[in-house]
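> This is data21.txt (compact mmCIF, C-alpha atoms).
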# COMPACT_ATOMS: atom_id res chain seq x y z
CA MET Y 15 25.31 0.83 -9.16
CA THR Y 16 25.62 1.28 -12.91
CA ASP Y 17 24.39 -0.76 -15.82
CA SER Y 18 27.99 -1.72 -16.65
CA THR Y 19 29.05 -2.95 -13.21
CA PRO Y 20 30.60 -6.45 -13.52
CA THR Y 21 28.87 -9.38 -11.89
CA LYS Y 22 30.28 -11.89 -9.44
CA LYS Y 23 31.72 -14.85 -11.27
CA ASN Y 24 30.86 -17.25 -8.48
CA ALA Y 25 27.25 -16.14 -7.94
CA THR Y 26 25.16 -19.31 -7.65
CA LEU Y 27 21.45 -19.80 -7.90
CA LYS Y 28 19.85 -21.67 -5.05
CA VAL Y 29 16.75 -23.67 -5.93
CA GLN Y 30 14.36 -23.34 -3.03
CA PRO Y 31 12.53 -26.14 -1.31
CA PRO Y 32 8.79 -25.51 -0.83
CA VAL Y 33 8.15 -22.36 1.17
CA GLN Y 34 7.47 -23.16 4.78
CA ALA Y 35 4.35 -21.87 6.52
CA ASP Y 36 3.27 -22.20 10.12
CA SER Y 37 -0.24 -22.87 11.45
CA LYS Y 38 -1.10 -19.16 11.13
CA GLY Y 39 -0.05 -19.05 7.49
CA VAL Y 40 3.14 -17.09 8.18
CA GLN Y 41 5.59 -17.99 5.41
CA THR Y 42 9.32 -18.40 5.91
CA ILE Y 43 11.90 -18.39 3.13
CA SER Y 44 15.53 -19.51 3.24
CA TRP Y 45 18.58 -18.71 1.14
CA LEU Y 46 22.27 -19.50 1.01
CA GLU Y 47 24.71 -16.72 1.92
CA GLN Y 48 28.44 -17.36 2.36
CA ASP Y 49 27.79 -21.10 2.69
CA GLN Y 50 25.31 -20.45 5.48
CA THR Y 51 21.55 -21.04 5.24
CA LEU Y 52 19.57 -18.04 6.47
CA GLN Y 53 15.83 -17.80 7.12
CA ALA Y 54 13.36 -14.97 7.48
CA ILE Y 55 9.63 -14.32 7.44
CA TRP Y 56 8.25 -13.32 4.05
CA HIS Y 57 6.32 -10.03 4.03
CA SER Y 58 4.33 -8.56 1.14
CA GLU Y 59 1.47 -6.08 1.51
CA ASN Y 60 0.62 -6.76 -2.14
CA GLY Y 61 -0.09 -10.36 -1.26
CA TRP Y 62 2.66 -11.67 -3.53
CA ALA Y 63 3.82 -15.21 -2.98
CA PRO Y 64 7.52 -15.52 -2.12
CA PRO Y 65 9.83 -16.47 -5.01
CA LYS Y 66 10.65 -20.18 -5.08
CA ARG Y 67 14.17 -19.45 -6.28
CA LEU Y 68 16.54 -17.00 -4.65
CA ILE Y 69 20.03 -15.67 -5.29
CA VAL Y 70 22.17 -13.39 -3.17
CA ALA Y 71 22.92 -10.15 -5.02
CA ASP Y 72 25.17 -7.19 -4.24
CA ASP Y 73 26.90 -4.21 -5.84
CA THR Y 74 28.78 -6.42 -8.31
CA MET Y 75 25.63 -7.60 -10.12
CA THR Y 76 24.84 -5.84 -13.40
CA ALA Y 77 21.38 -4.53 -14.17
CA ASP Y 78 21.14 -6.81 -17.22
CA ILE Y 79 21.78 -9.93 -15.19
CA ALA Y 80 19.45 -8.74 -12.42
CA TYR Y 81 16.74 -8.10 -15.01
CA ARG Y 82 17.18 -11.56 -16.50
CA TYR Y 83 16.79 -13.22 -13.10
CA ALA Y 84 13.85 -11.01 -12.08
CA SER Y 85 12.05 -11.68 -15.36
CA GLU Y 86 12.38 -15.42 -14.67
CA GLY Y 87 10.83 -15.01 -11.21
CA VAL Y 88 14.10 -15.35 -9.30
CA GLY Y 89 14.24 -13.30 -6.10
CA LEU Y 90 17.37 -11.22 -5.53
CA ILE Y 91 18.33 -11.06 -1.84
CA TRP Y 92 20.21 -7.76 -1.70
CA THR Y 93 23.22 -7.57 0.63
CA GLY Y 94 25.01 -4.57 -0.88
CA ASP Y 95 24.72 -0.80 -0.57
CA PHE Y 96 21.16 0.51 -0.10
CA GLN Y 97 21.54 3.45 -2.50
CA ASN Y 98 23.00 1.12 -5.12
CA ALA Y 99 19.91 -1.04 -4.71
CA ARG Y 100 17.75 2.01 -5.46
CA GLN Y 101 19.75 2.63 -8.63
CA LEU Y 102 19.39 -1.00 -9.61
CA LEU Y 103 15.61 -0.79 -9.12
CA GLN Y 104 15.53 2.26 -11.39
CA ALA Y 105 17.54 0.35 -14.00
CA LEU Y 106 15.10 -2.56 -13.81
CA ASN Y 107 12.24 -0.11 -14.20
CA ARG Y 108 13.78 1.29 -17.39
CA ARG Y 109 14.07 -2.18 -18.82
CA THR Y 110 10.49 -3.15 -18.03
CA ALA Y 111 9.32 0.15 -19.58
CA LYS Y 112 10.86 -0.83 -22.93
CA ARG Y 113 8.07 -3.31 -23.57
CA ARG Y 114 5.82 -1.47 -26.00
CA VAL Y 115 2.25 -2.54 -26.70
CA LYS Y 116 -0.08 -0.81 -29.16
CA TYR Y 117 -2.89 -0.30 -26.68
CA ALA Y 118 -4.57 2.31 -28.89
CA ASP Y 119 -5.57 -0.48 -31.27
CA MET Y 120 -7.42 -2.35 -28.53
CA PRO Y 121 -11.08 -1.65 -27.73
CA TYR Y 122 -12.33 -1.21 -24.18
CA PRO Y 123 -12.64 -3.06 -21.86
CA ASP Y 124 -9.93 -5.33 -23.33
CA ARG Y 125 -7.42 -2.49 -23.31
CA PHE Y 126 -8.07 -1.77 -19.64
CA HIS Y 127 -7.59 -5.42 -18.66
CA GLN Y 128 -4.38 -5.68 -20.72
CA VAL Y 129 -2.97 -2.48 -19.21
CA ARG Y 130 -3.77 -3.70 -15.71
CA LEU Y 131 -2.17 -7.07 -16.43
CA ALA Y 132 0.96 -5.46 -17.86
CA ARG Y 133 1.30 -3.17 -14.86
CA ALA Y 134 0.89 -6.10 -12.49
CA GLN Y 135 3.57 -8.08 -14.35
CA ARG Y 136 5.89 -5.08 -14.32
CA ALA Y 137 5.36 -4.55 -10.60
CA ARG Y 138 6.00 -8.25 -9.95
CA THR Y 139 9.28 -8.12 -11.86
CA LEU Y 140 10.42 -5.08 -9.89
CA GLY Y 141 9.28 -6.85 -6.74
CA MET Y 142 11.96 -9.49 -7.19
CA LEU Y 143 14.58 -7.19 -5.66
CA LEU Y 144 14.34 -8.12 -1.98
CA LEU Y 145 15.68 -6.55 1.21
CA PRO Y 146 16.29 -8.46 4.46
CA VAL Y 147 15.11 -6.28 7.35
CA GLY Y 148 16.27 -7.00 10.89
CA ALA Y 149 14.29 -7.00 14.14
CA GLU Y 150 12.75 -3.66 15.12
CA HIS Y 151 12.68 -2.71 11.41
CA VAL Y 152 16.42 -2.13 11.07
CA LEU Y 153 18.30 -2.24 7.76
CA LYS Y 154 21.94 -3.33 8.01
CA HIS Y 155 22.86 -2.34 4.46
CA ARG Y 156 25.47 0.36 3.87
CA ARG Y 157 23.98 3.87 3.50
CA ALA Y 158 20.56 2.56 4.54
CA PRO Y 159 18.05 5.09 5.93
CA ASP Y 160 16.30 4.73 9.27
CA ILE Y 161 13.04 3.06 8.32
CA ALA Y 162 11.87 2.12 11.81
CA GLU Y 163 9.17 4.79 12.21
CA ALA Y 164 7.76 4.29 8.72
CA CYS Y 165 7.62 0.50 9.05
CA LEU Y 166 6.23 0.63 12.57
CA ALA Y 167 3.41 2.85 11.29
CA ALA Y 168 2.70 0.52 8.35
CA TYR Y 169 3.42 -2.95 9.75
CA GLY Y 170 3.33 -2.58 13.52
CA PRO Y 171 5.96 -3.97 15.92
CA ASN Y 172 8.35 -6.64 14.69
CA GLN Y 173 10.73 -8.67 16.82
CA SER Y 174 12.14 -11.19 14.39
CA GLY Y 175 12.92 -9.51 11.07
CA TYR Y 176 11.60 -10.26 7.59
CA VAL Y 177 12.28 -10.04 3.86
CA VAL Y 178 10.29 -7.51 1.81
CA PRO Y 179 10.32 -6.40 -1.85
CA MET Y 180 12.29 -3.16 -2.06
CA SER Y 181 9.60 -1.56 -4.23
CA GLU Y 182 7.08 -2.12 -1.42
CA LEU Y 183 9.45 -0.79 1.22
CA LEU Y 184 10.02 2.39 -0.78
CA GLY Y 185 6.23 2.72 -0.98
CA VAL Y 186 6.02 2.48 2.80
CA ILE Y 187 8.67 5.18 3.20
CA SER Y 188 6.93 7.44 0.68
CA ALA Y 189 3.53 6.91 2.32
CA TYR Y 190 4.98 7.83 5.70
CA GLU Y 191 6.38 11.08 4.31
CA TRP Y 192 2.96 11.85 2.81
CA ARG Y 193 1.36 11.03 6.15
CA LYS Y 194 3.58 13.55 7.93
CA LYS Y 195 3.02 16.20 5.25
CA GLY Y 196 -0.70 15.62 4.86
CA VAL Y 197 -3.10 16.75 2.14
CA HIS Y 198 -4.40 20.28 2.55
CA ILE Y 199 -8.20 20.52 2.39
CA PRO Y 200 -9.22 24.14 1.75
CA ALA Y 201 -12.78 23.66 3.04
CA LEU Y 202 -11.39 22.46 6.37
CA HIS Y 203 -8.58 25.05 6.51
CA ALA Y 204 -6.45 22.11 7.61
CA SER Y 205 -4.65 19.02 6.36
CA ILE Y 206 -5.79 15.40 6.39
CA HIS Y 207 -3.13 12.78 7.13
CA ALA Y 208 -3.56 9.35 5.54
CA HIS Y 209 -2.12 6.28 7.24
CA TYR Y 210 -0.44 3.56 5.19
CA GLY Y 211 -3.08 1.46 3.43
CA VAL Y 212 -5.74 4.19 3.65
CA PHE Y 213 -6.62 6.08 0.47
CA ALA Y 214 -5.50 9.72 0.65
CA PRO Y 215 -7.99 12.42 -0.47
CA VAL Y 216 -5.74 13.74 -3.23
CA ARG Y 217 -8.64 14.26 -5.66
CA ALA Y 218 -10.03 17.45 -4.21
CA GLU Y 219 -12.74 17.86 -6.84
CA TYR Y 220 -15.06 15.30 -5.24
CA LEU Y 221 -14.68 17.03 -1.89
CA ASP Y 222 -15.82 20.26 -3.52
CA LEU Y 223 -19.03 18.47 -4.52
CA VAL Y 224 -19.68 17.60 -0.86
CA VAL Y 225 -19.27 21.27 0.01
CA ARG Y 226 -21.51 22.44 -2.87
CA ALA Y 227 -24.45 20.03 -2.47
CA ARG Y 228 -27.60 21.43 -0.88
CA LEU Y 229 -27.83 20.22 2.69
CA GLY Y 230 -31.27 19.63 4.17
CA ARG Y 231 -31.87 18.39 7.69
CA THR Y 232 -28.67 18.18 9.68
CA ALA Y 233 -29.42 16.05 12.73
CA VAL Y 234 -27.68 12.76 11.80
CA ALA Y 235 -25.53 11.68 8.85
CA PHE Y 236 -23.79 8.40 8.05
CA ASP Y 237 -20.43 8.46 6.26
CA ILE Y 238 -20.04 4.96 4.82
CA GLY Y 239 -16.47 3.82 4.14
CA THR Y 240 -14.97 6.85 5.83
CA GLY Y 241 -11.30 6.14 5.09
CA THR Y 242 -9.36 9.15 6.39
CA GLY Y 243 -12.54 10.68 7.80
CA VAL Y 244 -12.36 13.66 5.46
CA ILE Y 245 -16.01 13.55 4.34
CA ALA Y 246 -17.20 13.12 7.92
CA ALA Y 247 -15.17 16.18 8.86
CA LEU Y 248 -16.64 18.20 5.99
CA LEU Y 249 -20.17 17.26 7.03
CA ALA Y 250 -19.46 18.28 10.61
CA GLU Y 251 -18.02 21.59 9.43
CA ARG Y 252 -21.19 22.14 7.40
CA GLY Y 253 -23.26 21.87 10.56
CA VAL Y 254 -24.36 18.23 10.81
CA GLU Y 255 -24.93 17.65 14.51
CA LEU Y 256 -23.88 13.99 14.56
CA VAL Y 257 -21.89 12.14 11.89
CA ILE Y 258 -21.46 8.39 12.35
CA ALA Y 259 -18.52 7.32 10.19
CA THR Y 260 -18.03 3.63 9.42
CA ASP Y 261 -15.34 1.49 7.85
CA SER Y 262 -14.55 -2.21 7.84
CA ASN Y 263 -10.79 -1.53 7.75
CA PRO Y 264 -9.33 -1.09 11.26
CA LYS Y 265 -6.45 0.95 9.78
CA ALA Y 266 -8.99 3.38 8.34
CA ILE Y 267 -10.79 3.72 11.68
CA GLU Y 268 -7.49 4.47 13.42
CA CYS Y 269 -6.59 6.98 10.70
CA ALA Y 270 -9.98 8.71 10.83
CA ARG Y 271 -9.82 8.88 14.61
CA ASP Y 272 -6.44 10.67 14.46
CA ASN Y 273 -7.73 13.18 11.91
CA ILE Y 274 -11.02 13.85 13.71
CA ARG Y 275 -9.15 14.35 16.98
CA ALA Y 276 -6.69 16.76 15.33
CA LEU Y 277 -9.63 18.74 13.91
CA LYS Y 278 -11.30 18.79 17.35
CA LEU Y 279 -14.50 17.28 15.97
CA GLU Y 280 -14.81 14.34 18.38
CA ASN Y 281 -18.11 15.64 19.78
CA GLN Y 282 -19.74 15.63 16.33
CA VAL Y 283 -18.09 12.61 14.63
CA LYS Y 284 -18.35 9.08 16.04
CA LEU Y 285 -16.50 6.15 14.47
CA ARG Y 286 -17.75 2.58 14.05
CA GLU Y 287 -15.75 -0.37 12.72
CA THR Y 288 -18.43 -2.19 10.74
CA ASP Y 289 -19.32 -3.24 7.22
CA LEU Y 290 -21.42 -0.51 5.60
CA PHE Y 291 -24.20 0.74 7.90
CA PRO Y 292 -24.31 1.38 11.64
CA GLU Y 293 -27.50 0.81 13.57
CA GLY Y 294 -30.34 3.28 13.25
CA GLN Y 295 -31.40 5.79 10.61
CA ALA Y 296 -29.99 9.05 9.31
CA ASP Y 297 -31.16 12.18 7.51
CA LEU Y 298 -28.21 11.81 5.13
CA ILE Y 299 -26.11 8.88 3.96
CA VAL Y 300 -22.88 9.74 2.11
CA CYS Y 301 -20.58 7.27 0.39
CA ASN Y 302 -17.58 7.48 -1.92
CA PRO Y 303 -17.17 3.80 -2.87
CA PRO Y 304 -14.39 2.36 -5.05
CA TRP Y 305 -15.07 3.64 -8.54
CA LEU Y 306 -14.08 0.66 -10.71
CA PRO Y 307 -15.79 -2.74 -10.84
CA GLY Y 308 -13.12 -5.41 -10.51
CA ARG Y 309 -11.29 -7.73 -8.17
CA PRO Y 310 -8.62 -6.04 -6.03
CA ALA Y 311 -5.21 -7.66 -6.57
CA SER Y 312 -4.02 -6.62 -3.10
CA SER Y 313 -5.25 -5.07 0.12
CA LEU Y 314 -4.01 -1.70 -1.15
CA GLU Y 315 -6.39 -1.87 -4.14
CA HIS Y 316 -9.61 -2.16 -2.13
CA ALA Y 317 -10.06 1.62 -2.34
CA ILE Y 318 -9.99 1.43 -6.16
CA TYR Y 319 -11.75 -1.81 -7.15
CA ASP Y 320 -15.16 -2.98 -5.98
CA HIS Y 321 -15.43 -6.72 -6.64
CA GLU Y 322 -18.80 -7.51 -8.23
CA GLN Y 323 -19.81 -3.98 -7.15
CA ARG Y 324 -20.45 -5.37 -3.70
CA MET Y 325 -20.05 -2.07 -1.86
CA LEU Y 326 -22.04 -0.05 -4.39
CA LYS Y 327 -24.91 -2.52 -4.43
CA GLY Y 328 -24.80 -2.98 -0.64
CA LEU Y 329 -24.98 0.76 -0.13
CA LEU Y 330 -27.88 1.31 -2.53
CA ASN Y 331 -29.91 -1.71 -1.47
CA GLY Y 332 -29.41 -1.04 2.23
CA ALA Y 333 -29.94 2.72 2.17
CA PRO Y 334 -33.78 2.82 2.23
CA ALA Y 335 -33.92 0.93 5.53
CA HIS Y 336 -31.42 3.35 7.08
CA LEU Y 337 -32.92 6.61 5.82
CA LYS Y 338 -35.30 8.74 7.83
CA PRO Y 339 -38.40 10.00 5.98
CA GLU Y 340 -37.35 12.57 3.36
CA GLY Y 341 -33.72 11.59 3.88
CA GLU Y 342 -31.13 11.57 1.10
CA VAL Y 343 -28.24 9.46 -0.18
CA TRP Y 344 -25.21 11.26 -1.60
CA LEU Y 345 -23.31 8.87 -3.84
CA ILE Y 346 -19.95 10.15 -5.06
CA LEU Y 347 -18.86 8.29 -8.18
CA SER Y 348 -16.65 8.80 -11.20
CA ASP Y 349 -17.92 7.74 -14.63
CA LEU Y 350 -14.47 6.43 -15.64
CA ALA Y 351 -15.88 2.88 -15.44
CA GLU Y 352 -18.34 3.86 -18.19
CA HIS Y 353 -15.58 5.10 -20.50
CA LEU Y 354 -13.60 1.92 -19.82
CA LYS Y 355 -16.74 -0.12 -20.68
CA LEU Y 356 -16.75 -1.75 -17.26
CA ARG Y 357 -20.23 -0.43 -16.44
CA SER Y 358 -22.77 1.53 -18.49
CA ARG Y 359 -24.82 4.52 -17.38
CA ALA Y 360 -27.93 2.41 -17.94
CA ASP Y 361 -26.50 -0.22 -15.57
CA LEU Y 362 -25.94 2.40 -12.88
CA LEU Y 363 -29.44 3.87 -13.23
CA ALA Y 364 -30.87 0.35 -13.06
CA LEU Y 365 -29.07 -0.19 -9.74
CA PHE Y 366 -30.74 2.96 -8.41
CA ASP Y 367 -34.15 1.79 -9.58
CA ASP Y 368 -33.72 -1.75 -8.26
CA ALA Y 369 -32.88 -0.29 -4.84
CA GLY Y 370 -36.01 1.87 -4.88
CA LEU Y 371 -34.14 5.16 -5.22
CA ASP Y 372 -34.83 8.16 -7.47
CA VAL Y 373 -32.37 10.82 -8.60
CA ILE Y 374 -33.05 14.29 -7.18
CA GLU Y 375 -30.02 16.02 -8.66
CA ARG Y 376 -26.56 15.31 -10.05
CA LEU Y 377 -23.61 17.64 -9.41
CA ASP Y 378 -20.66 17.20 -11.79
CA THR Y 379 -17.03 18.19 -11.86
CA ARG Y 380 -14.01 17.30 -13.96
CA PRO Y 381 -10.86 15.83 -12.42
CA VAL Y 382 -7.73 17.91 -12.11
CA HIS Y 383 -5.31 15.25 -10.88
CA PRO Y 384 -2.08 14.64 -12.88
CA LYS Y 385 -3.28 11.38 -14.49
CA SER Y 386 -6.08 13.26 -16.26
CA LYS Y 387 -3.44 15.20 -18.21
CA ASP Y 388 -0.91 12.41 -18.80
CA GLU Y 389 -0.72 11.89 -22.56
CA GLU Y 390 1.53 8.85 -22.09
CA ASP Y 391 -1.12 6.99 -20.13
CA PRO Y 392 -2.54 4.20 -22.33
CA LEU Y 393 -5.95 5.04 -20.83
CA ALA Y 394 -5.58 8.77 -21.56
CA ASP Y 395 -8.50 8.98 -24.02
CA ALA Y 396 -10.87 7.59 -21.36
CA ARG Y 397 -9.46 9.77 -18.58
CA LYS Y 398 -10.00 12.92 -20.67
CA LEU Y 399 -13.73 12.19 -20.70
CA GLU Y 400 -14.02 11.42 -17.00
CA ILE Y 401 -16.59 13.27 -14.89
CA THR Y 402 -17.01 12.87 -11.14
CA SER Y 403 -20.58 13.19 -9.90
CA LEU Y 404 -22.42 13.54 -6.62
CA TRP Y 405 -25.79 11.84 -7.08
CA ARG Y 406 -28.50 13.04 -4.70
CA LEU Y 407 -30.95 10.17 -4.26
CA LYS Y 408 -34.19 9.73 -2.35
CA ILE Y 409 -36.56 6.83 -1.67
CA GLN Y 410 -39.09 6.37 -4.46
CA ALA Y 411 -42.60 7.50 -3.70
CA VAL Y 412 -45.15 4.72 -3.11
CA ASN Y 413 -47.94 4.82 -5.70
As C-alpha cells, how would this structure be written, given the file I've shared?

Amino acid sequence: MTDSTPTKKNATLKVQPPVQADSKGVQTISWLEQDQTLQAIWHSENGWAPPKRLIVADDTMTADIAYRYASEGVGLIWTGDFQNARQLLQALNRRTAKRRVKYADMPYPDRFHQVRLARAQRARTLGMLLLPVGAEHVLKHRRAPDIAEACLAAYGPNQSGYVVPMSELLGVISAYEWRKKGVHIPALHASIHAHYGVFAPVRAEYLDLVVRARLGRTAVAFDIGTGTGVIAALLAERGVELVIATDSNPKAIECARDNIRALKLENQVKLRETDLFPEGQADLIVCNPPWLPGRPASSLEHAIYDHEQRMLKGLLNGAPAHLKPEGEVWLILSDLAEHLKLRSRADLLALFDDAGLDVIERLDTRPVHPKSKDEEDPLADARKLEITSLWRLKIQAVN
C-alpha cells in the first residue's frame, strides 16, 4: 500500500439502513460486497458506535481517498492484504497528524479538554478502517497474522465472527505481546503480566513509594482497586500477613489471581470482586485510584479517569469505618490534575478533612516515564511539573 496506489473506479458507497440490535444490545452491521449483502456483529472495546455508511476497500484504494471517507465517518471494510492495511493505517495517521493547533496559547484546563477532544477525533478517524474477523478469531486476509490467542485473551470465545476497527485489533495484539513479556518489578524480583483491559504498572516510581513508606502493624491490609495485583504483592513481600485485594473489574481479578499465583503468594493475598472495600477492618488501606477527574470515554479509560472523583471520594469517606485503631490509609496520587487545573491542592486537602483524615506524611517522587520527557506533547509543560505522592493518612483525633 502506497499513497499513490490507484483506486477502484467502480467502488460504490453503500448507505446503511439503521444498525440492527438484538434484545441484548448486540449490534449487527451489513455491507455490500461483490453484489452480495454480508452481515457481522459489530465489536468495539472503545464503545464506538458502528459507522452508518460503509464501503468495501482493498489494495487499490489510495490513502487520500481512504482519508476523505474516514474523515466523513464512512467505515472502510478492508478485504485486501493485511500488511497493506497496516500501511494504509499509518498513512491515515500521518494525515490526521497534519492538523496543527496552537495549544500553547490556550490556558488550562481548556487546553487539556481540547487536546483530549482532538485525540478522540483522531482515534475515531483511524477507527474507520475495519477488519472482518471470522469465527474463532480467524483473519482471512492475505499475509494476516494468527490473532486467535490474542483475541481469545481479550474478547473470550467467539463462534460467529465480527467486524472490529483495525486500530483496536492492533492494540489487542500489542497488549498480548506485553502480557507475555510482562513488566519487571525490581522489588519483587519478578515480572507482572497485565491482561488486556487492565492497567499495566509501567510507572515504577509509585511502586518505589510503596516500598519506601514506613510500615506499621502488618496483620491485615486492604488493596483497593488492585488491578494487576502488584501493590498487593509488594505488601505481602514486605511482611503483611494478610492482604485482601479488591476490584470491581472481573478482568482485573482474573489478572491479579494469575500474578499472585505465579508469585506463590496465594496464602497471603486473597482476592475479592467488589466495589471498593471488603468486609471488616484493616491496619492499612492502600489505593492507587485513577489520577484525573473526568468521564472515561471507554472501558479502557477507567484506570485513568475518575468520573466526579467517585473512587477517590468513596475511598476517603469509607476508610475510617474500615480502619482499625491507629490504622493508616496510603493514597497514591499524581498531582498532574493540579497542573492541568482539574483539581487544586486545596480541593484535595479539603477531601481529606471532610472524610475525617489527617496527613501524617507525604512521600514524593518524580515520574520517569517517556511522556514526562516528550517535548512534542501539548501537555509537556504540565507533565514537567508532575510529582507522584504517597499520602499517609490517619483518622482525626476526637477533641
> So the first atom is atom CA of Y:Trp56 and the second is atom CA of Y:Gln128; what is the distance between them in Å, to one decimal place?
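Taking atom CA of Y:Trp56 and atom CA of Y:Gln128, their separation equals 28.8 Å.
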> What separation in Å, quoted to one decimal, exists between atom CA of Y:Leu393 and atom CA of Y:Leu345?
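Atom CA of Y:Leu345 lies at a distance of 24.6 Å from atom CA of Y:Leu393.
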> Rounded to one decimal, what separation in Å do you get between atom CA of Y:Ala134 and atom CA of Y:Ala84?
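Atom-to-atom, atom CA of Y:Ala134 to atom CA of Y:Ala84, that is 13.9 Å.
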> If you count only C-alpha atoms, which residues fall within 9 Å of Y:Asn331, apart from same-chain ones fewer than 4 positions away, as number ranges by chain?
Y: 326-327, 335, 365-366, 368-371
> Sorted by chain and rising residue number, list the residues of stretch 300-365 of chain Y at most 10 Å from stretch 120-125 of chain Y (counting only C-alpha atoms), each with its closest atom pair and distance in Å to one decimal, as a Markdown table.

| residue | atom | partner | partner_atom | distance |
| --- | --- | --- | --- | --- |
| Y:Ala351 | CA | Y:Pro123 | CA | 9.3 |
| Y:Glu352 | CA | Y:Pro123 | CA | 9.7 |
| Y:His353 | CA | Y:Tyr122 | CA | 8.0 |
| Y:Leu354 | CA | Y:Pro123 | CA | 5.5 |
| Y:Lys355 | CA | Y:Pro123 | CA | 5.2 |
| Y:Leu356 | CA | Y:Pro123 | CA | 6.3 |
| Y:Arg357 | CA | Y:Pro123 | CA | 9.7 |
> Generate a file for stretch 244-264 of chain Y, containing N, CA and C atoms, as a short mmCIF file (atom, residue, chain, number, x, y, z; two decimals), in the first residue's frame.

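Ended up saving to decode.cif:
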data_model
loop_
_atom_site.label_atom_id
_atom_site.label_comp_id
_atom_site.auth_asym_id
_atom_site.auth_seq_id
_atom_site.Cartn_x
_atom_site.Cartn_y
_atom_site.Cartn_z
N VAL Y 244 -0.20 -5.88 41.72
CA VAL Y 244 1.20 -5.59 42.01
C VAL Y 244 1.39 -4.99 43.40
N ILE Y 245 0.50 -4.08 43.83
CA ILE Y 245 0.66 -3.48 45.16
C ILE Y 245 0.39 -4.52 46.24
N ALA Y 246 -0.60 -5.37 46.02
CA ALA Y 246 -0.87 -6.44 46.99
C ALA Y 246 0.36 -7.33 47.14
N ALA Y 247 1.00 -7.63 46.02
CA ALA Y 247 2.20 -8.47 46.07
C ALA Y 247 3.34 -7.78 46.82
N LEU Y 248 3.50 -6.47 46.60
CA LEU Y 248 4.55 -5.73 47.30
C LEU Y 248 4.30 -5.70 48.80
N LEU Y 249 3.04 -5.54 49.20
CA LEU Y 249 2.71 -5.54 50.63
C LEU Y 249 2.99 -6.90 51.25
N ALA Y 250 2.65 -7.96 50.53
CA ALA Y 250 2.93 -9.30 51.03
C ALA Y 250 4.43 -9.53 51.17
N GLU Y 251 5.19 -9.06 50.19
CA GLU Y 251 6.64 -9.21 50.25
C GLU Y 251 7.24 -8.41 51.41
N ARG Y 252 6.57 -7.32 51.78
CA ARG Y 252 7.05 -6.51 52.90
C ARG Y 252 6.66 -7.11 54.25
N GLY Y 253 5.90 -8.17 54.25
CA GLY Y 253 5.61 -8.85 55.50
C GLY Y 253 4.18 -8.76 56.00
N VAL Y 254 3.28 -8.14 55.25
CA VAL Y 254 1.87 -8.10 55.68
C VAL Y 254 1.33 -9.53 55.66
N GLU Y 255 0.73 -9.93 56.77
CA GLU Y 255 0.31 -11.32 56.91
C GLU Y 255 -0.86 -11.67 56.01
N LEU Y 256 -1.82 -10.74 55.86
CA LEU Y 256 -2.98 -10.98 55.01
C LEU Y 256 -3.31 -9.71 54.24
N VAL Y 257 -3.30 -9.80 52.91
CA VAL Y 257 -3.69 -8.68 52.06
C VAL Y 257 -4.98 -9.08 51.34
N ILE Y 258 -6.03 -8.31 51.54
CA ILE Y 258 -7.28 -8.53 50.81
C ILE Y 258 -7.33 -7.50 49.68
N ALA Y 259 -7.25 -7.99 48.46
CA ALA Y 259 -7.19 -7.13 47.28
C ALA Y 259 -8.53 -7.13 46.57
N THR Y 260 -9.07 -5.94 46.31
CA THR Y 260 -10.40 -5.85 45.71
C THR Y 260 -10.34 -5.14 44.36
N ASP Y 261 -11.33 -5.45 43.53
CA ASP Y 261 -11.52 -4.73 42.28
C ASP Y 261 -12.92 -5.03 41.78
N SER Y 262 -13.54 -4.04 41.14
CA SER Y 262 -14.88 -4.25 40.59
C SER Y 262 -14.84 -4.82 39.19
N ASN Y 263 -13.65 -4.87 38.58
CA ASN Y 263 -13.48 -5.35 37.21
C ASN Y 263 -13.10 -6.84 37.25
N PRO Y 264 -13.96 -7.71 36.73
CA PRO Y 264 -13.64 -9.15 36.76
C PRO Y 264 -12.35 -9.48 36.01
#
